[in-house]
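Participant: Supplied in structure tokens, the structure appears directly below.
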Amino acid sequence: MFDRVERLIGKENLNRIKNTNILLVGIGGVGGMCLETLVRNGIENITLIDFDTIDISNLNRQVITFNDNIDEKKVNEATKFCNRINPNCNIKTYDLFLDETNIEELLESNKFDYVIDACDSIKTKKLIITNCIKRKIKFISCMGTGNKIDPSKLEITDIRNTANDPLARIIRKFVKDLKIKSKVMVVSSIEVPIKKDKDILSMSMVPNTAGILLASYIINTIIEIKK
């Protein structure tokens with residue numbers, strides 16, 4: 001199944017990918033595409049966290065969502081989705097909201113090599129940043145993808161270099177206020193948000209591309225391809 005991957009990056013690098021243990025927080029538009037990209041490129045050990053159920057409004061952008069699984073738990077459907085691609089996947093799930101009551105125990109009881117933040121909660125994003133830095137766990141966080149339609153404006157960068165991203169502005173201030181010196185790598189878009197509604201709206205192009213970028217950062221870091 002991974003013949004073309006192995007021929008491109010080598011057997012040793014493919015084995016590194018297969019043996020990496022990843023925590024993915026959030027399986028929405030961003031997280032779902034990130035998950036698919038990880039699995040299709042050889043990642044087998046993945047822990048998923050999401051407390052939500054699939055809604056019909058998710059159909060326009062979330063890859064694990066279909067008309068026949070509306071109202072099902074996202075962690076369960078994501079597991080089925082992964083196993084349909086690669087039955088050798090070792091998927092562990094937590095049907096919960098990651099917060100200050102459970103994050104420390106979760107990180108202490110699991111040996112994660114990388115944490116990917118694809119959730120919507122600003123509070124959870126802050127907890128992921130501080131706890132990963134504290135435990136020296138490599139991580140990357142997705143910033144805002146709503147109200148944007150140009151995936152070419154997405155980039156992988158340090159939080160301090162972000163612009164035109166309201167969510168990143170909040171996290172940037174948080175990092176500054178805590179005097180965090182280490183890099184805080186994120187996926188963020190420099191596109192100016194489109195404001196046509198009181199709600200945050202989205203099409204599939206930007207969140208799904210952001211998910212691919214999250215996965216690419218992790219995979220390229222594992223095999224030591226720096227960009």
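In the structure tokens, the first chain shown is A, the next is B, and so on; residue numbers restart at 1 for each chain, and ligands run from 1 in the order shown.
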A:Thr130: which residues within 12 Å, counting only C-alpha atoms, same-chain residues fewer than 4 positions away excluded, as a ChimeraX atom specification?

Facilitator: /A:100,103-104,107,123-126,134-139,171,174-175,178-184

Participant: Any chance you could list, as a PyMOL selection string, the residues in stretch 11-222 of chain A that come up alpha helix (DSSP H) when DSSP is run on the backbone?

Facilitator: chain A and resi 11-18+29-40+74-85+103-109+122-135+166-177+205-222

Participant: Could you pull the residues within 8 Å of A:Val63, counting only C-alpha atoms, minus those fewer than 3 positions along the same chain, as a list in words?

Facilitator: Gly29, Gly32, Met33 and Leu59 of chain A

Participant: May I have the residues within 12 Å of A:Lys111 as a PyMOL selection string, using only C-alpha atoms and disregarding those fewer than 4 positions away in the same chain?

Facilitator: chain A and resi 19-23+45-47+105-107+115+132+135-138

Participant: For A:Thr65, please output as a list in words all residues within 12 Å (counting only C-alpha atoms; exclusion window: fewer than 3 positions along the same chain).

Facilitator: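 After dropping sequence-adjacent residues, the list is Ile27, Gly28, Gly29, Gly32, Met33, Thr53, Ile54, Asp55, Ile56, Ser57, Asn58, Leu59, Asn60, Arg61, Gln62, Asp68, Asn69, Ile70, Asp71, Glu72, Lys73, Lys74, Val75, Asn76, Glu77, Ala78, Lys80 and Phe81 of chain A.
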
Participant: Using N, CA, C and O atoms, can you write the selected residues to a file as a CSV table (one decimal), in the first residue's frame?

Facilitator:
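Saved the output as result.csv:
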chain,number,residue,atom,x,y,z
A,27,ILE,N,-11.7,16.7,15.1
A,27,ILE,CA,-11.9,16.0,13.8
A,27,ILE,C,-12.9,16.7,13.0
A,27,ILE,O,-13.9,16.0,12.5
A,28,GLY,N,-12.8,18.0,12.8
A,28,GLY,CA,-13.7,18.7,12.0
A,28,GLY,C,-13.1,18.8,10.6
A,28,GLY,O,-12.5,17.9,10.0
A,29,GLY,N,-13.4,20.0,9.9
A,29,GLY,CA,-12.9,20.2,8.6
A,29,GLY,C,-11.4,20.1,8.5
A,29,GLY,O,-10.8,19.4,7.6
A,32,GLY,N,-10.2,16.5,10.2
A,32,GLY,CA,-10.5,15.3,9.4
A,32,GLY,C,-9.6,15.1,8.2
A,32,GLY,O,-9.1,14.0,7.9
A,33,MET,N,-9.3,16.2,7.5
A,33,MET,CA,-8.4,16.1,6.4
A,33,MET,C,-6.9,15.9,6.8
A,33,MET,O,-6.2,15.2,6.2
A,53,THR,N,-20.7,15.3,17.7
A,53,THR,CA,-21.4,14.3,16.8
A,53,THR,C,-21.4,15.0,15.4
A,53,THR,O,-21.4,16.2,15.3
A,54,ILE,N,-21.6,14.1,14.4
A,54,ILE,CA,-21.6,14.6,13.1
A,54,ILE,C,-23.0,15.3,12.8
A,54,ILE,O,-24.0,14.7,13.1
A,55,ASP,N,-22.9,16.5,12.2
A,55,ASP,CA,-24.1,17.2,11.9
A,55,ASP,C,-24.2,17.4,10.3
A,55,ASP,O,-23.2,17.4,9.6
A,56,ILE,N,-25.4,17.6,9.9
A,56,ILE,CA,-25.6,17.7,8.4
A,56,ILE,C,-24.9,18.9,7.9
A,56,ILE,O,-24.5,18.9,6.7
A,57,SER,N,-24.7,19.9,8.7
A,57,SER,CA,-24.0,21.1,8.3
A,57,SER,C,-22.5,20.9,8.0
A,57,SER,O,-21.8,21.7,7.5
A,58,ASN,N,-22.0,19.7,8.5
A,58,ASN,CA,-20.6,19.3,8.3
A,58,ASN,C,-20.3,18.8,6.9
A,58,ASN,O,-19.1,18.7,6.5
A,59,LEU,N,-21.3,18.5,6.1
A,59,LEU,CA,-21.1,17.8,4.8
A,59,LEU,C,-20.3,18.6,3.8
A,59,LEU,O,-19.7,18.0,3.0
A,60,ASN,N,-20.3,19.9,4.0
A,60,ASN,CA,-19.6,20.7,3.0
A,60,ASN,C,-18.1,20.8,3.1
A,60,ASN,O,-17.4,21.3,2.2
A,61,ARG,N,-17.6,20.2,4.2
A,61,ARG,CA,-16.1,20.3,4.4
A,61,ARG,C,-15.5,19.2,5.2
A,61,ARG,O,-14.2,19.2,5.3
A,62,GLN,N,-16.2,18.4,5.9
A,62,GLN,CA,-15.6,17.4,6.8
A,62,GLN,C,-15.6,16.0,6.1
A,62,GLN,O,-16.6,15.4,5.8
A,68,ASP,N,-25.2,9.2,5.5
A,68,ASP,CA,-25.6,8.0,6.3
A,68,ASP,C,-25.0,7.9,7.7
A,68,ASP,O,-25.2,6.9,8.4
A,69,ASN,N,-24.2,8.9,8.1
A,69,ASN,CA,-23.7,8.9,9.5
A,69,ASN,C,-23.9,10.1,10.3
A,69,ASN,O,-23.3,10.4,11.3
A,70,ILE,N,-25.0,10.9,9.9
A,70,ILE,CA,-25.4,12.0,10.6
A,70,ILE,C,-25.8,11.6,12.0
A,70,ILE,O,-26.4,10.6,12.2
A,71,ASP,N,-25.4,12.4,13.0
A,71,ASP,CA,-25.7,12.2,14.4
A,71,ASP,C,-24.8,11.1,15.1
A,71,ASP,O,-25.0,10.8,16.3
A,72,GLU,N,-23.9,10.5,14.3
A,72,GLU,CA,-22.9,9.6,14.9
A,72,GLU,C,-21.8,10.3,15.6
A,72,GLU,O,-21.5,11.4,15.2
A,73,LYS,N,-21.1,9.7,16.5
A,73,LYS,CA,-20.0,10.3,17.2
A,73,LYS,C,-18.8,10.4,16.3
A,73,LYS,O,-18.5,9.4,15.6
A,74,LYS,N,-18.2,11.5,16.3
A,74,LYS,CA,-17.1,11.8,15.3
A,74,LYS,C,-15.9,10.8,15.6
A,74,LYS,O,-15.3,10.3,14.6
A,75,VAL,N,-15.6,10.5,16.8
A,75,VAL,CA,-14.4,9.7,17.1
A,75,VAL,C,-14.7,8.2,16.5
A,75,VAL,O,-13.8,7.6,16.0
A,76,ASN,N,-15.9,7.8,16.6
A,76,ASN,CA,-16.3,6.5,16.1
A,76,ASN,C,-16.2,6.4,14.6
A,76,ASN,O,-15.7,5.5,14.0
A,77,GLU,N,-16.7,7.4,14.0
A,77,GLU,CA,-16.7,7.5,12.5
A,77,GLU,C,-15.3,7.7,12.0
A,77,GLU,O,-15.0,7.2,10.9
A,78,ALA,N,-14.5,8.5,12.7
A,78,ALA,CA,-13.2,8.7,12.2
A,78,ALA,C,-12.4,7.4,12.3
A,78,ALA,O,-11.5,7.1,11.4
A,80,LYS,N,-13.6,4.3,11.9
A,80,LYS,CA,-14.0,3.5,10.8
A,80,LYS,C,-13.3,4.0,9.5
A,80,LYS,O,-12.9,3.2,8.7
A,81,PHE,N,-13.3,5.3,9.4
A,81,PHE,CA,-12.7,6.0,8.2
A,81,PHE,C,-11.2,5.6,8.0
A,81,PHE,O,-10.8,5.2,6.9

Participant: Please indicate the distance in Å from atom CA of A:Asp95 to atom CA of A:Glu36, rounded to one decimal place.

Facilitator: 19.0 Å
